[in-house]
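What follows is a set of notes on a single structure, which appears directly below.
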Amino acid sequence: MSSERQPLPVAAADSEGPTTTKSRIPKMASSVHDVSADKPPFGSRFLTDEADVWSQNAWDHVPPPTDQDQVISAALNRQKSAPVPEEEKQKYNEKPARHWDNFYKANASNFFRNRKWLHLEFPELKAAAESDAGPMVIAEIGCGAGNAVFPLLQANKNPNLSLKAYDYSSHAVKLVQNNPLYLSPPLGTIEAAVWDLTSPDLPPGLEPGTVDIITLIFVMSALHPREWANAVSNVHRLLKPGGLVLLRDYGRYDLTQLRFKGGRLLDDNFYIRGDKTRVYFFELDELALLFTGSPAPAASRAFNTVQVVEETDDNSCSDSDPTSRSTPLTSPHDSPASPGRTTPTLVTEVEKSLSAISARASEQASNQPGAIHPVLTGAFPLKDSHPLFSIEQLGVDRRLIVNRKRQLKMYRVWMQGKFLKL
């Protein structure tokens with residue numbers, strides 16, 4: 001089970017589009033602002049000149065078009081004018097695993113790309129796979145066909161790494177179990193089993209408090225909001241004290257949400273796809289309330305400064321290559337700009353612009369009616385148990401995905417969080 005869909009041209013892929021004279025700018029680090037950091041991550045791609053927009057497949061933290069508010073309003077009005085009929089909602093929420101079974105039967109393991117970008121967004125995974133990391137247990141919940149767990153297994157240097165892969169789709173688990181890497185892991189161990197994250201029971205053979213890291217990659221969005229509490233409770237039970245949850249999921253008003261037409265709306269920000277799988281689009285405060293019981297900290301909504309980067313002459317590696325190198329452009333303390341380099345004035349302008357964009361976009365999303373799902377504001381089952389986690393990172397990844405061949409701009413919004421078990 002993984003609700004990530006629509007394999008658009010993501011930052012790690014650069015196979016589309018005509019040849020360009022612009023050098024490719026590698027993505028060197030996570031685009032998500034760490035709430036404990038003074039600066040956003042080094043190595044993100046910032047669009048400083050609109051004329052350059054078609055030179056790359058992806059740009060980070062690009063402002064939406066000036067008419068985005070109208071686009072959002074029109075899309076929501078269209079969806080709300082023709083929601084899923086009440087008498088049909090129950091059938092979509094009953095036995096959702098069967099719809100994912102049908103999905104994986106139809107698509108096998110060919111739909112999703114392997115998530116080789118995980119080492120950039122979650123370096124904790126790479127650290128756990130180092131030769132000197134010692135005994136580590138990582139559980140991927142909602143593993144699907146193994147697009148996250150197998151890249152980690154391939155890169156593993158830790159003989160004491162134990163990987164667990166769970167999904168409530170039995171067909172997805174069979175795909176994992178039939179993979180050559182599963183049948184003969186190069187190093188460490190891997191075990192896959194059918195398990196529902198919202199179940200009252202823990203996975204077979206896995207004791208409470210024995211997992212170091214749990215990944216939830218486009219998983220929570222596949223659950224009904226009434227199932228969120230059980231899911232978070234199970235994650236908390238599985239983790240060791242100090243264990244980490246690494247989460248990435250859909251953000252409010254992502255392109256995918258705005259594309260839905262009539263007959264797809266199950267509930268506010270909750271939809272049914274054509275293949276009958278479900279998807280929810282989160283707001284920052286919802287994830288913070290879900291894991292900690294408190295709204296998102298202000299630091300997760302804005303940037304303090306940004307650093308613009310360019311590619312060095314000897315770098316032509318892909319986004320997912322950890323050996324790639326980028327160098328910072330001119331800062332106010334550098335010497336006068338040389339030809340082809342960004343001036344200090346431009347760096348300052350970009351810093352101010354991105355800070356304002358991030359703050360404005362987050363404020364708009366949180367102020368919309370229905371921004372927080374009612375299940376989190378009423379008698380939420382975990383309310384008396386919180387805080388279960390502290391926030392290590394929580395932020396929004398707003399990205400412009402460019403299809404250069406078709407000259408299309410696609411504005412994506414993803415949520416990303418790291419939560420530490422208390």
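Residue numbering restarts at 1 in every chain; chains get A, B, ... in the order shown in the structure tokens, and ligands count up from 1 in that same order.
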For this session: List every residue of segment 47-287 of chain A that DSSP, applied to the backbone of this structure, assigns to alpha helix (DSSP H), and report them as a PyMOL selection string.
Result: chain A and resi 68-80+86-93+96-107+118-121+123-128+149-155+170-177+180-183+228-238+255-259+284-287
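Proximity of A:Ala172, A:Leu118, A:Ala133, A:Leu202 to Ala145 of chain A, computed with only C-alpha atoms, is greatest for A:Ala172.
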Exercise. Quick one: residues within 9 Å of segment 210-227 of chain A, only C-alpha atoms counted, chain neighbours fewer than 4 positions away excluded, as a ChimeraX atom specification?
Worked result: /A:1-5,93,96,124-125,128,136-143,148,197-198,206,231-232,235,237-250,270,277-282,373,375-376
Exercise. Looking at only C-alpha atoms, which of A:Thr377, A:Ser385, A:Gln68, A:Gln407 is the one that sits closest to Pro295 of chain A?
Worked result: A:Thr377
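You will find atom CA of Asp285 of chain A at 12.1 Å from atom CA of Gln416 of chain A.
Going from atom CA of Lys261 of chain A over to atom CA of Glu88 of chain A, you cover 16.7 Å.
Considering the residues A:Ser162, A:Asn102, A:Ser300, A:Asn230 and counting only C-alpha atoms, Pro200 of chain A has its shortest atom-to-atom contact with A:Asn230.
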Where does DSSP see strand (DSSP E or B) in segment 105-183 of chain A, if you list the residues as a PDB file with C-alpha atoms, in the first residue's frame?
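And here is the file that came out, out.pdb:
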```
ATOM      1  CA  MET A 136      19.510  -1.879  13.113  1.00  0.00           C
ATOM      2  CA  VAL A 137      15.896  -2.747  12.343  1.00  0.00           C
ATOM      3  CA  ILE A 138      14.113  -0.718   9.650  1.00  0.00           C
ATOM      4  CA  ALA A 139      10.448  -1.360   8.852  1.00  0.00           C
ATOM      5  CA  GLU A 140       8.900  -0.076   5.650  1.00  0.00           C
ATOM      6  CA  ILE A 141       5.141   0.033   6.174  1.00  0.00           C
ATOM      7  CA  LEU A 161      20.771  -4.570   9.170  1.00  0.00           C
ATOM      8  CA  SER A 162      17.361  -6.214   9.360  1.00  0.00           C
ATOM      9  CA  LEU A 163      14.755  -4.936   6.906  1.00  0.00           C
ATOM     10  CA  LYS A 164      11.028  -5.532   7.402  1.00  0.00           C
ATOM     11  CA  ALA A 165       8.495  -4.853   4.652  1.00  0.00           C
ATOM     12  CA  TYR A 166       4.747  -4.791   5.294  1.00  0.00           C
ATOM     13  CA  ASP A 167       1.692  -4.099   3.189  1.00  0.00           C
TER      14      ASP A 167
END
```
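What separates atom CA of Tyr182 of chain A from atom CA of His236 of chain A is a distance of 26.8 Å.
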